[in-house]
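Asker: Submitted below is the structure of interest, expressed as structure tokens.
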Amino acid sequence: MNGNLPVSRLRPVLSVEKRRHEPAAGTSRAAESLVLRPAAAARRSLVTGGAGFLGSHLCQRLLADGNEVVCLDNFSTGHQRNIAHLMRNPAFRLVRHDVIDPYAAEVDEIWNLACPASPPAYQADPIHTMKTNVLGALNLLELARQRGIRIFQASTSEVYGDPAVHPQPESYWGNVNPVGPRSCYDEGKRAAETLFFDYHHQHGVDIKVVRIFNTYGPRMRPEDGRVVSNFIVQALRGEDITIYGDGSQTRSFCFVDDLIEGFIRLMNAGPDVTGPINIGNPGEFTVRELAEMVVAETGSRSQIVYRPLPIDDPKQRRPDISVAKRELGWSPRIPLAQGLTQTIDYFDRLLAREYRVLAETA
Ligand code: NAD
Ligand code: UDP
């Protein structure tokens with residue numbers, strides 16, 4: 001596919017009133033608030049994986065800040081409904097493309113989020129996951145090098161594997177199985193980080209690498225397979241809630257609005273702040289505690305059932321966010337209970353819509 005786009009002048013920054021548009025389903029409260037930037041700061045941003053969960057929130061925030069957005073996605077785990085409300089915006093452009101193939105565009109910055117994030121999704125085609133991480137990073141780094149522009153990489157807490165150090169600081173090198181079912185993702189993301197720093201050192205490319213810890217919120221896919229979406233959807237449908245293992249493993253859950261604020265601060269930081277930098281919520285919960293919170297909040301009659309623990313499932317996860325606090329003045333604001341309420345509300349509306357469609361077509 002020819003991904004080349006026509007060169008277009010950056011549109012002038014519109015007034016707040018003109019840029020404000022009705023929030024769509026899945027629009028979170030903080031993302032609705034508009035941040036003004038001086039007109040000179042408006043940029044043309046390429047967001048790969050822009051139709052996914054995090055990517056769609058990022059596109060929305062960049063548009064609200066007065067930028068143009070080129071959203072690139074192969075729609076493997078992304079969905080049209082995540083960006084439907086942005087399609088009307090003349091500053092938004094959608095390109096269907098796979099990052100494993102080179103892509104050229106007249107953009108001012110690159111945000112590389114393309115990659116399935118849920119274990120069932122990234123394990124479905126592990127070779128393609130590895131290609132997405134490695135060839136995708138190479139292709140986009142080449143574009144950044146040729147254009148002399150800043151590039152952001154969505155890395156992951158999975159680079160720490162099943163960590164022997166707790167909580168995890170950026171200086172910890174991790175404990176990763178190179179040949180297990182999670183390796184295509186974990187090692188792919190580690191190789192991508194290596195490429196980012198090699199391009200930085202060898203070619204002076206301006207890089208920003210963030211290590212994202214488990215993030216949840218509106219626009220996760222109901223069938224995604226990650227724990228928060230699984231538990232909420234199961235609870236709302238009255239199905240069994242599936243805890244893998246005994247539920248004593250821990251995770252730290254960050255609400256999407258907090259994460260996106262961290263992204264923006266990192267991308268706007270000076271060139272010396274390259275990362276890798278942890279962004280996540282240090283609140284740590286067992287998977288069983290999460291299940292109980294979801295049952296209580298939904299008022300569901302679902303039963304909790306136990307299923308085998310997947311291979312190489314990390315036992316614990318909590319970010320050390322001292323660097324983010326110091327370098328970006330960032331820390332999360334939205335506690336798990338509050339974020340869960342917004343996420344449950346989103347899935348409630350989404351599932352109700354799906355049932356209506358099913359009933360109408362039956
Ligand atoms: P997601 O699956 O909702 O979004 C990924 C998007 O990338 C989808 O729209 C998908 O269609 C697209 N994509 C996948 N492979 C592609 C390819 N080869 N070419 C073009 N597009 C492709 O996942 P998400 O939670 O939004 O994650 C976004 C990024 O953040 C990913 O890189 C992921 O590894 C990273 N991350 C997310 C989390 C989290 O908790 N959400 C945690 C750590 C890292
Ligand atoms: N998990 C679970 N039930 C589910 C889905 C996931 O108990 O229906 C567990 C999973 O085994 C892991 C934790 O929840 O211990 C977080 O899983 P997720 O896939 O969300 O993220 P990751 O393992 O990549 O952190």
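As shown in the structure tokens, the chain order sets the letters A, B, ...; within each chain, residues go from 1, and ligands are also counted from 1 in the order they appear.
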May I have all residues of stretch 120-290 of chain A that DSSP, computed from the backbone, assigns to helix (DSSP H, G or I), given as JSON, numbers by chain?
Answerer: {"A": [120, 121, 122, 123, 124, 126, 127, 128, 129, 130, 131, 132, 133, 134, 135, 136, 137, 138, 139, 140, 141, 142, 143, 144, 145, 146, 147, 157, 158, 159, 160, 183, 184, 185, 186, 187, 188, 189, 190, 191, 192, 193, 194, 195, 196, 197, 198, 199, 200, 201, 202, 203, 227, 228, 229, 230, 231, 232, 233, 234, 235, 236, 237, 256, 257, 258, 259, 260, 261, 262, 263, 264, 265, 266, 267, 268, 287, 288, 289, 290]}
Asker: Can you build me a table of chain A residues sitting at most 6 Å from ligand 1, with the closest atom pair per residue and its distance in Å to one decimal, using only C-alpha atoms and all ligand atoms, sorted by chain and residue number, as JSON lines?
Answerer:
```
{"residue": "A:Thr48", "atom": "CA", "partner": "ligand 1", "partner_atom_place_in_ligand_line": "21 (N)", "distance": 6.0}
{"residue": "A:Gly49", "atom": "CA", "partner": "ligand 1", "partner_atom_place_in_ligand_line": "7 (O)", "distance": 3.3}
{"residue": "A:Gly50", "atom": "CA", "partner": "ligand 1", "partner_atom_place_in_ligand_line": "9 (O)", "distance": 5.7}
{"residue": "A:Ala51", "atom": "CA", "partner": "ligand 1", "partner_atom_place_in_ligand_line": "9 (O)", "distance": 4.2}
{"residue": "A:Gly52", "atom": "CA", "partner": "ligand 1", "partner_atom_place_in_ligand_line": "9 (O)", "distance": 3.2}
{"residue": "A:Phe53", "atom": "CA", "partner": "ligand 1", "partner_atom_place_in_ligand_line": "26 (O)", "distance": 3.7}
{"residue": "A:Leu54", "atom": "CA", "partner": "ligand 1", "partner_atom_place_in_ligand_line": "26 (O)", "distance": 3.7}
{"residue": "A:Gly55", "atom": "CA", "partner": "ligand 1", "partner_atom_place_in_ligand_line": "26 (O)", "distance": 5.4}
{"residue": "A:Asp73", "atom": "CA", "partner": "ligand 1", "partner_atom_place_in_ligand_line": "21 (N)", "distance": 3.8}
{"residue": "A:Asn74", "atom": "CA", "partner": "ligand 1", "partner_atom_place_in_ligand_line": "20 (C)", "distance": 4.2}
{"residue": "A:Phe75", "atom": "CA", "partner": "ligand 1", "partner_atom_place_in_ligand_line": "11 (O)", "distance": 3.5}
{"residue": "A:Ser76", "atom": "CA", "partner": "ligand 1", "partner_atom_place_in_ligand_line": "11 (O)", "distance": 3.9}
{"residue": "A:Thr77", "atom": "CA", "partner": "ligand 1", "partner_atom_place_in_ligand_line": "11 (O)", "distance": 3.9}
{"residue": "A:Gly78", "atom": "CA", "partner": "ligand 1", "partner_atom_place_in_ligand_line": "9 (O)", "distance": 3.0}
{"residue": "A:His97", "atom": "CA", "partner": "ligand 1", "partner_atom_place_in_ligand_line": "20 (C)", "distance": 5.8}
{"residue": "A:Asp98", "atom": "CA", "partner": "ligand 1", "partner_atom_place_in_ligand_line": "19 (N)", "distance": 3.5}
{"residue": "A:Val99", "atom": "CA", "partner": "ligand 1", "partner_atom_place_in_ligand_line": "19 (N)", "distance": 4.1}
{"residue": "A:Ile100", "atom": "CA", "partner": "ligand 1", "partner_atom_place_in_ligand_line": "18 (N)", "distance": 5.6}
{"residue": "A:Leu113", "atom": "CA", "partner": "ligand 1", "partner_atom_place_in_ligand_line": "32 (O)", "distance": 4.0}
{"residue": "A:Ala114", "atom": "CA", "partner": "ligand 1", "partner_atom_place_in_ligand_line": "7 (O)", "distance": 3.6}
{"residue": "A:Cys115", "atom": "CA", "partner": "ligand 1", "partner_atom_place_in_ligand_line": "14 (C)", "distance": 3.7}
{"residue": "A:Pro116", "atom": "CA", "partner": "ligand 1", "partner_atom_place_in_ligand_line": "2 (O)", "distance": 3.8}
{"residue": "A:Ala117", "atom": "CA", "partner": "ligand 1", "partner_atom_place_in_ligand_line": "23 (O)", "distance": 4.4}
{"residue": "A:Thr132", "atom": "CA", "partner": "ligand 1", "partner_atom_place_in_ligand_line": "18 (N)", "distance": 4.5}
{"residue": "A:Ala154", "atom": "CA", "partner": "ligand 1", "partner_atom_place_in_ligand_line": "30 (O)", "distance": 5.0}
{"residue": "A:Ser155", "atom": "CA", "partner": "ligand 1", "partner_atom_place_in_ligand_line": "44 (C)", "distance": 5.4}
{"residue": "A:Thr156", "atom": "CA", "partner": "ligand 1", "partner_atom_place_in_ligand_line": "43 (C)", "distance": 4.0}
{"residue": "A:Ile212", "atom": "CA", "partner": "ligand 1", "partner_atom_place_in_ligand_line": "43 (C)", "distance": 4.3}
{"residue": "A:Phe213", "atom": "CA", "partner": "ligand 1", "partner_atom_place_in_ligand_line": "42 (C)", "distance": 5.0}
{"residue": "A:Asn214", "atom": "CA", "partner": "ligand 1", "partner_atom_place_in_ligand_line": "40 (O)", "distance": 3.6}
{"residue": "A:Thr215", "atom": "CA", "partner": "ligand 1", "partner_atom_place_in_ligand_line": "40 (O)", "distance": 3.7}
```
Asker: Choose the residue, out of A:Ala359, A:Val227, A:Ile311, A:Ile232, that has the smallest atom-to-atom separation from ligand 2; count only C-alpha atoms and all ligand atoms.
Answerer: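 For ligand 2, the nearest of the given residues is A:Val227.
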Asker: With only C-alpha atoms as the basis for distance, which of A:Asn133, A:Gln303, A:Asn112, A:Ser157 is at the shortest distance from A:Ile279?
Answerer: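 Using only C-alpha atoms, A:Ile279 sits closest to A:Ser157.
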Asker: Could you list the protein, DNA and RNA residues that have any atom within 10 Å of ligand 2, counting only C-alpha atoms and all ligand atoms, and write them as a PDB file with N, CA and C atoms, in the first residue's frame?
Answerer:
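The result, written out as part-v2.pdb:
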```pdb
ATOM      1  N   ALA A 117      -1.461  -5.678  22.454  1.00  0.00           N
ATOM      2  CA  ALA A 117      -0.938  -5.612  23.825  1.00  0.00           C
ATOM      3  C   ALA A 117      -1.435  -6.748  24.713  1.00  0.00           C
ATOM      4  N   SER A 118      -2.525  -7.405  24.317  1.00  0.00           N
ATOM      5  CA  SER A 118      -3.037  -8.444  25.213  1.00  0.00           C
ATOM      6  C   SER A 118      -2.354  -9.777  24.884  1.00  0.00           C
ATOM      7  N   PRO A 119      -2.045 -10.582  25.929  1.00  0.00           N
ATOM      8  CA  PRO A 119      -1.340 -11.848  25.661  1.00  0.00           C
ATOM      9  C   PRO A 119      -2.018 -12.733  24.611  1.00  0.00           C
ATOM     10  N   PRO A 120      -3.342 -12.972  24.648  1.00  0.00           N
ATOM     11  CA  PRO A 120      -3.918 -13.820  23.589  1.00  0.00           C
ATOM     12  C   PRO A 120      -3.725 -13.206  22.200  1.00  0.00           C
ATOM     13  N   ALA A 121      -3.806 -11.872  22.094  1.00  0.00           N
ATOM     14  CA  ALA A 121      -3.669 -11.224  20.776  1.00  0.00           C
ATOM     15  C   ALA A 121      -2.235 -11.295  20.269  1.00  0.00           C
ATOM     16  N   THR A 156       7.149  -1.323  27.411  1.00  0.00           N
ATOM     17  CA  THR A 156       6.258  -2.015  28.349  1.00  0.00           C
ATOM     18  C   THR A 156       6.983  -2.503  29.600  1.00  0.00           C
ATOM     19  N   SER A 157       6.223  -2.679  30.653  1.00  0.00           N
ATOM     20  CA  SER A 157       6.757  -3.291  31.879  1.00  0.00           C
ATOM     21  C   SER A 157       7.155  -4.743  31.622  1.00  0.00           C
ATOM     22  N   GLU A 158       6.679  -5.316  30.498  1.00  0.00           N
ATOM     23  CA  GLU A 158       7.069  -6.700  30.163  1.00  0.00           C
ATOM     24  C   GLU A 158       8.570  -6.832  29.935  1.00  0.00           C
ATOM     25  N   GLY A 161       9.969  -8.747  32.612  1.00  0.00           N
ATOM     26  CA  GLY A 161       9.633 -10.171  32.701  1.00  0.00           C
ATOM     27  C   GLY A 161       8.960 -10.495  34.022  1.00  0.00           C
ATOM     28  N   ASP A 162       9.371 -11.627  34.615  1.00  0.00           N
ATOM     29  CA  ASP A 162       8.878 -12.005  35.952  1.00  0.00           C
ATOM     30  C   ASP A 162       9.916 -11.435  36.920  1.00  0.00           C
ATOM     31  N   ARG A 182       5.439 -15.724  25.772  1.00  0.00           N
ATOM     32  CA  ARG A 182       5.380 -14.264  25.870  1.00  0.00           C
ATOM     33  C   ARG A 182       6.575 -13.596  25.205  1.00  0.00           C
ATOM     34  N   TYR A 185       6.598 -10.863  22.382  1.00  0.00           N
ATOM     35  CA  TYR A 185       6.238  -9.512  22.837  1.00  0.00           C
ATOM     36  C   TYR A 185       7.363  -8.934  23.708  1.00  0.00           C
ATOM     37  N   ASP A 186       7.752  -9.689  24.750  1.00  0.00           N
ATOM     38  CA  ASP A 186       8.742  -9.167  25.705  1.00  0.00           C
ATOM     39  C   ASP A 186      10.075  -8.886  25.010  1.00  0.00           C
ATOM     40  N   PHE A 213       3.018   0.414  32.306  1.00  0.00           N
ATOM     41  CA  PHE A 213       2.500  -0.663  33.162  1.00  0.00           C
ATOM     42  C   PHE A 213       0.996  -0.797  32.885  1.00  0.00           C
ATOM     43  N   ASN A 214       0.425  -1.950  33.258  1.00  0.00           N
ATOM     44  CA  ASN A 214      -0.980  -2.275  32.917  1.00  0.00           C
ATOM     45  C   ASN A 214      -1.895  -1.048  32.984  1.00  0.00           C
ATOM     46  N   THR A 215      -2.479  -0.726  31.855  1.00  0.00           N
ATOM     47  CA  THR A 215      -3.365   0.434  31.754  1.00  0.00           C
ATOM     48  C   THR A 215      -4.735  -0.032  31.283  1.00  0.00           C
ATOM     49  N   TYR A 216      -5.765   0.596  31.819  1.00  0.00           N
ATOM     50  CA  TYR A 216      -7.143   0.182  31.524  1.00  0.00           C
ATOM     51  C   TYR A 216      -7.990   1.423  31.311  1.00  0.00           C
ATOM     52  N   ASP A 224     -10.800  -8.550  24.341  1.00  0.00           N
ATOM     53  CA  ASP A 224      -9.355  -8.331  24.315  1.00  0.00           C
ATOM     54  C   ASP A 224      -8.565  -9.411  25.062  1.00  0.00           C
ATOM     55  N   GLY A 225      -9.109  -9.858  26.199  1.00  0.00           N
ATOM     56  CA  GLY A 225      -8.420 -10.918  26.941  1.00  0.00           C
ATOM     57  C   GLY A 225      -7.633 -10.411  28.131  1.00  0.00           C
ATOM     58  N   ARG A 226      -7.464  -9.087  28.241  1.00  0.00           N
ATOM     59  CA  ARG A 226      -6.739  -8.589  29.412  1.00  0.00           C
ATOM     60  C   ARG A 226      -7.651  -8.625  30.635  1.00  0.00           C
ATOM     61  N   VAL A 227      -7.026  -8.570  31.803  1.00  0.00           N
ATOM     62  CA  VAL A 227      -7.779  -8.907  33.010  1.00  0.00           C
ATOM     63  C   VAL A 227      -8.911  -7.922  33.315  1.00  0.00           C
ATOM     64  N   VAL A 228      -8.670  -6.619  33.172  1.00  0.00           N
ATOM     65  CA  VAL A 228      -9.711  -5.659  33.555  1.00  0.00           C
ATOM     66  C   VAL A 228     -10.924  -5.796  32.633  1.00  0.00           C
ATOM     67  N   SER A 229     -10.673  -5.831  31.326  1.00  0.00           N
ATOM     68  CA  SER A 229     -11.810  -5.950  30.396  1.00  0.00           C
ATOM     69  C   SER A 229     -12.498  -7.303  30.562  1.00  0.00           C
ATOM     70  N   ASN A 230     -11.726  -8.379  30.733  1.00  0.00           N
ATOM     71  CA  ASN A 230     -12.355  -9.697  30.931  1.00  0.00           C
ATOM     72  C   ASN A 230     -13.294  -9.684  32.131  1.00  0.00           C
ATOM     73  N   PHE A 231     -12.794  -9.217  33.270  1.00  0.00           N
ATOM     74  CA  PHE A 231     -13.605  -9.284  34.504  1.00  0.00           C
ATOM     75  C   PHE A 231     -14.861  -8.419  34.372  1.00  0.00           C
ATOM     76  N   ILE A 232     -14.721  -7.231  33.805  1.00  0.00           N
ATOM     77  CA  ILE A 232     -15.888  -6.340  33.703  1.00  0.00           C
ATOM     78  C   ILE A 232     -16.927  -6.944  32.761  1.00  0.00           C
ATOM     79  N   VAL A 233     -16.470  -7.430  31.618  1.00  0.00           N
ATOM     80  CA  VAL A 233     -17.418  -7.987  30.642  1.00  0.00           C
ATOM     81  C   VAL A 233     -18.089  -9.235  31.228  1.00  0.00           C
ATOM     82  N   GLN A 234     -17.308 -10.079  31.886  1.00  0.00           N
ATOM     83  CA  GLN A 234     -17.886 -11.283  32.496  1.00  0.00           C
ATOM     84  C   GLN A 234     -18.918 -10.895  33.555  1.00  0.00           C
ATOM     85  N   ASP A 240     -19.155 -16.504  34.520  1.00  0.00           N
ATOM     86  CA  ASP A 240     -18.134 -16.758  35.538  1.00  0.00           C
ATOM     87  C   ASP A 240     -16.944 -15.822  35.346  1.00  0.00           C
ATOM     88  N   ILE A 241     -16.390 -15.375  36.459  1.00  0.00           N
ATOM     89  CA  ILE A 241     -15.194 -14.525  36.406  1.00  0.00           C
ATOM     90  C   ILE A 241     -13.982 -15.431  36.543  1.00  0.00           C
ATOM     91  N   THR A 242     -13.129 -15.386  35.520  1.00  0.00           N
ATOM     92  CA  THR A 242     -12.055 -16.381  35.411  1.00  0.00           C
ATOM     93  C   THR A 242     -10.743 -15.860  35.999  1.00  0.00           C
ATOM     94  N   ILE A 243     -10.420 -16.317  37.198  1.00  0.00           N
ATOM     95  CA  ILE A 243      -9.110 -15.977  37.772  1.00  0.00           C
ATOM     96  C   ILE A 243      -8.121 -17.054  37.337  1.00  0.00           C
ATOM     97  N   TYR A 244      -7.005 -16.620  36.757  1.00  0.00           N
ATOM     98  CA  TYR A 244      -5.975 -17.585  36.366  1.00  0.00           C
ATOM     99  C   TYR A 244      -5.035 -17.792  37.550  1.00  0.00           C
ATOM    100  N   GLY A 245      -4.752 -19.071  37.889  1.00  0.00           N
ATOM    101  CA  GLY A 245      -3.962 -19.373  39.078  1.00  0.00           C
ATOM    102  C   GLY A 245      -4.826 -19.162  40.307  1.00  0.00           C
ATOM    103  N   ASP A 246      -4.163 -18.834  41.443  1.00  0.00           N
ATOM    104  CA  ASP A 246      -4.960 -18.636  42.671  1.00  0.00           C
ATOM    105  C   ASP A 246      -5.318 -17.172  42.900  1.00  0.00           C
ATOM    106  N   GLY A 247      -4.936 -16.312  41.961  1.00  0.00           N
ATOM    107  CA  GLY A 247      -5.308 -14.899  42.051  1.00  0.00           C
ATOM    108  C   GLY A 247      -4.417 -14.091  42.989  1.00  0.00           C
ATOM    109  N   SER A 248      -3.318 -14.696  43.458  1.00  0.00           N
ATOM    110  CA  SER A 248      -2.443 -13.957  44.384  1.00  0.00           C
ATOM    111  C   SER A 248      -1.400 -13.125  43.638  1.00  0.00           C
ATOM    112  N   GLN A 249      -1.285 -13.331  42.310  1.00  0.00           N
ATOM    113  CA  GLN A 249      -0.338 -12.507  41.533  1.00  0.00           C
ATOM    114  C   GLN A 249      -0.810 -11.051  41.546  1.00  0.00           C
ATOM    115  N   THR A 250       0.132 -10.120  41.502  1.00  0.00           N
ATOM    116  CA  THR A 250      -0.252  -8.705  41.606  1.00  0.00           C
ATOM    117  C   THR A 250       0.009  -7.960  40.305  1.00  0.00           C
ATOM    118  N   ARG A 251      -0.766  -6.891  40.111  1.00  0.00           N
ATOM    119  CA  ARG A 251      -0.543  -5.944  39.016  1.00  0.00           C
ATOM    120  C   ARG A 251      -0.855  -4.550  39.543  1.00  0.00           C
ATOM    121  N   SER A 252      -0.355  -3.548  38.834  1.00  0.00           N
ATOM    122  CA  SER A 252      -0.619  -2.146  39.164  1.00  0.00           C
ATOM    123  C   SER A 252      -1.394  -1.576  37.995  1.00  0.00           C
ATOM    124  N   PHE A 253      -2.545  -1.000  38.250  1.00  0.00           N
ATOM    125  CA  PHE A 253      -3.452  -0.603  37.166  1.00  0.00           C
ATOM    126  C   PHE A 253      -3.531   0.916  37.064  1.00  0.00           C
ATOM    127  N   THR A 286      -3.860  -7.604  44.129  1.00  0.00           N
ATOM    128  CA  THR A 286      -3.865  -8.979  43.623  1.00  0.00           C
ATOM    129  C   THR A 286      -4.995  -9.082  42.597  1.00  0.00           C
ATOM    130  N   VAL A 287      -4.892 -10.075  41.748  1.00  0.00           N
ATOM    131  CA  VAL A 287      -5.929 -10.296  40.736  1.00  0.00           C
ATOM    132  C   VAL A 287      -7.251 -10.653  41.432  1.00  0.00           C
ATOM    133  N   ARG A 288      -7.151 -11.350  42.577  1.00  0.00           N
ATOM    134  CA  ARG A 288      -8.372 -11.674  43.314  1.00  0.00           C
ATOM    135  C   ARG A 288      -9.041 -10.399  43.843  1.00  0.00           C
ATOM    136  N   LEU A 290      -8.906  -7.501  42.525  1.00  0.00           N
ATOM    137  CA  LEU A 290      -9.525  -6.833  41.373  1.00  0.00           C
ATOM    138  C   LEU A 290     -10.879  -7.473  41.059  1.00  0.00           C
ATOM    139  N   ALA A 291     -10.928  -8.806  41.061  1.00  0.00           N
ATOM    140  CA  ALA A 291     -12.185  -9.509  40.754  1.00  0.00           C
ATOM    141  C   ALA A 291     -13.259  -9.098  41.764  1.00  0.00           C
ATOM    142  N   VAL A 305     -14.359 -18.181  39.363  1.00  0.00           N
ATOM    143  CA  VAL A 305     -13.846 -19.544  39.132  1.00  0.00           C
ATOM    144  C   VAL A 305     -12.347 -19.457  38.856  1.00  0.00           C
ATOM    145  N   TYR A 306     -11.658 -20.569  39.068  1.00  0.00           N
ATOM    146  CA  TYR A 306     -10.196 -20.566  38.944  1.00  0.00           C
ATOM    147  C   TYR A 306      -9.777 -21.415  37.745  1.00  0.00           C
ATOM    148  N   ARG A 307      -8.876 -20.874  36.930  1.00  0.00           N
ATOM    149  CA  ARG A 307      -8.390 -21.550  35.728  1.00  0.00           C
ATOM    150  C   ARG A 307      -6.860 -21.624  35.814  1.00  0.00           C
ATOM    151  N   PRO A 308      -6.224 -22.503  35.017  1.00  0.00           N
ATOM    152  CA  PRO A 308      -4.763 -22.636  35.118  1.00  0.00           C
ATOM    153  C   PRO A 308      -4.041 -21.313  34.817  1.00  0.00           C
ATOM    154  N   LEU A 309      -2.953 -21.111  35.524  1.00  0.00           N
ATOM    155  CA  LEU A 309      -2.131 -19.913  35.312  1.00  0.00           C
ATOM    156  C   LEU A 309      -1.368 -20.067  33.993  1.00  0.00           C
ATOM    157  N   PRO A 310      -1.408 -19.062  33.106  1.00  0.00           N
ATOM    158  CA  PRO A 310      -0.636 -19.184  31.854  1.00  0.00           C
ATOM    159  C   PRO A 310       0.869 -19.301  32.129  1.00  0.00           C
ATOM    160  N   ILE A 311       1.577 -19.912  31.171  1.00  0.00           N
ATOM    161  CA  ILE A 311       3.032 -20.077  31.299  1.00  0.00           C
ATOM    162  C   ILE A 311       3.696 -18.701  31.404  1.00  0.00           C
ATOM    163  N   ASP A 312       4.699 -18.624  32.297  1.00  0.00           N
ATOM    164  CA  ASP A 312       5.531 -17.404  32.463  1.00  0.00           C
ATOM    165  C   ASP A 312       4.732 -16.182  32.911  1.00  0.00           C
ATOM    166  N   ASP A 313       3.588 -16.392  33.520  1.00  0.00           N
ATOM    167  CA  ASP A 313       2.777 -15.266  34.005  1.00  0.00           C
ATOM    168  C   ASP A 313       3.535 -14.602  35.170  1.00  0.00           C
ATOM    169  N   PRO A 314       3.878 -13.318  35.046  1.00  0.00           N
ATOM    170  CA  PRO A 314       4.654 -12.685  36.129  1.00  0.00           C
ATOM    171  C   PRO A 314       3.893 -12.688  37.463  1.00  0.00           C
ATOM    172  N   LYS A 315       4.630 -12.924  38.557  1.00  0.00           N
ATOM    173  CA  LYS A 315       3.986 -13.041  39.869  1.00  0.00           C
ATOM    174  C   LYS A 315       3.654 -11.674  40.469  1.00  0.00           C
ATOM    175  N   GLN A 316       4.435 -10.678  40.117  1.00  0.00           N
ATOM    176  CA  GLN A 316       4.194  -9.361  40.711  1.00  0.00           C
ATOM    177  C   GLN A 316       4.648  -8.264  39.757  1.00  0.00           C
ATOM    178  N   ARG A 317       4.068  -7.092  39.924  1.00  0.00           N
ATOM    179  CA  ARG A 317       4.369  -5.971  39.027  1.00  0.00           C
ATOM    180  C   ARG A 317       3.999  -4.678  39.729  1.00  0.00           C
TER     181      ARG A 317
END
```
Asker: Between A:Leu138, A:Trp111, A:Glu360, A:Tyr355, which one has atoms that come closest to A:Gly188, using only C-alpha atoms?
Answerer: A:Leu138
Asker: Write out as a ChimeraX atom specification the residues lying within 10 Å of A:Glu187, counting only C-alpha atoms and excluding same-chain residues fewer than 3 positions away.
Answerer: /A:130,133-134,158-159,161,176-180,182-184,190-193
Asker: Using only N, CA and C atoms, please write the residues we just selected to a file, as a PDB file, in the first residue's frame.
Answerer:
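Writing the result to again_30.pdb gives the following:
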```pdb
ATOM      1  N   MET A 130       6.632 -10.199  16.597  1.00  0.00           N
ATOM      2  CA  MET A 130       8.062  -9.862  16.625  1.00  0.00           C
ATOM      3  C   MET A 130       8.411  -8.903  15.481  1.00  0.00           C
ATOM      4  N   ASN A 133       7.243  -5.404  16.247  1.00  0.00           N
ATOM      5  CA  ASN A 133       8.111  -4.698  17.195  1.00  0.00           C
ATOM      6  C   ASN A 133       9.436  -4.291  16.579  1.00  0.00           C
ATOM      7  N   VAL A 134      10.054  -5.224  15.842  1.00  0.00           N
ATOM      8  CA  VAL A 134      11.421  -4.972  15.383  1.00  0.00           C
ATOM      9  C   VAL A 134      11.424  -4.226  14.040  1.00  0.00           C
ATOM     10  N   GLU A 158       6.679  -5.316  30.498  1.00  0.00           N
ATOM     11  CA  GLU A 158       7.069  -6.700  30.163  1.00  0.00           C
ATOM     12  C   GLU A 158       8.570  -6.832  29.935  1.00  0.00           C
ATOM     13  N   VAL A 159       9.278  -5.734  29.705  1.00  0.00           N
ATOM     14  CA  VAL A 159      10.736  -5.839  29.559  1.00  0.00           C
ATOM     15  C   VAL A 159      11.363  -6.312  30.877  1.00  0.00           C
ATOM     16  N   GLY A 161       9.969  -8.747  32.612  1.00  0.00           N
ATOM     17  CA  GLY A 161       9.633 -10.171  32.701  1.00  0.00           C
ATOM     18  C   GLY A 161       8.960 -10.495  34.022  1.00  0.00           C
ATOM     19  N   VAL A 176      13.642 -12.223  31.829  1.00  0.00           N
ATOM     20  CA  VAL A 176      12.756 -12.561  30.712  1.00  0.00           C
ATOM     21  C   VAL A 176      13.143 -13.892  30.094  1.00  0.00           C
ATOM     22  N   ASN A 177      12.151 -14.762  29.863  1.00  0.00           N
ATOM     23  CA  ASN A 177      12.362 -16.007  29.135  1.00  0.00           C
ATOM     24  C   ASN A 177      12.428 -15.675  27.638  1.00  0.00           C
ATOM     25  N   PRO A 178      13.549 -15.990  26.968  1.00  0.00           N
ATOM     26  CA  PRO A 178      13.645 -15.632  25.542  1.00  0.00           C
ATOM     27  C   PRO A 178      12.925 -16.599  24.607  1.00  0.00           C
ATOM     28  N   VAL A 179      12.464 -17.750  25.132  1.00  0.00           N
ATOM     29  CA  VAL A 179      11.871 -18.757  24.227  1.00  0.00           C
ATOM     30  C   VAL A 179      10.481 -19.221  24.675  1.00  0.00           C
ATOM     31  N   GLY A 180       9.797 -18.419  25.459  1.00  0.00           N
ATOM     32  CA  GLY A 180       8.464 -18.808  25.923  1.00  0.00           C
ATOM     33  C   GLY A 180       7.366 -18.163  25.084  1.00  0.00           C
ATOM     34  N   ARG A 182       5.439 -15.724  25.772  1.00  0.00           N
ATOM     35  CA  ARG A 182       5.380 -14.264  25.870  1.00  0.00           C
ATOM     36  C   ARG A 182       6.575 -13.596  25.205  1.00  0.00           C
ATOM     37  N   SER A 183       7.544 -14.396  24.746  1.00  0.00           N
ATOM     38  CA  SER A 183       8.827 -13.832  24.300  1.00  0.00           C
ATOM     39  C   SER A 183       8.691 -12.945  23.067  1.00  0.00           C
ATOM     40  N   CYS A 184       7.752 -13.295  22.162  1.00  0.00           N
ATOM     41  CA  CYS A 184       7.609 -12.488  20.940  1.00  0.00           C
ATOM     42  C   CYS A 184       7.323 -11.037  21.313  1.00  0.00           C
ATOM     43  N   ARG A 190      11.954  -5.429  23.909  1.00  0.00           N
ATOM     44  CA  ARG A 190      13.330  -5.170  24.369  1.00  0.00           C
ATOM     45  C   ARG A 190      14.220  -4.837  23.160  1.00  0.00           C
ATOM     46  N   ALA A 191      14.062  -5.596  22.072  1.00  0.00           N
ATOM     47  CA  ALA A 191      14.862  -5.319  20.869  1.00  0.00           C
ATOM     48  C   ALA A 191      14.521  -3.926  20.320  1.00  0.00           C
ATOM     49  N   ALA A 192      13.245  -3.558  20.390  1.00  0.00           N
ATOM     50  CA  ALA A 192      12.847  -2.232  19.900  1.00  0.00           C
ATOM     51  C   ALA A 192      13.531  -1.143  20.744  1.00  0.00           C
ATOM     52  N   GLU A 193      13.561  -1.342  22.059  1.00  0.00           N
ATOM     53  CA  GLU A 193      14.260  -0.362  22.906  1.00  0.00           C
ATOM     54  C   GLU A 193      15.727  -0.248  22.487  1.00  0.00           C
TER      55      GLU A 193
END
```
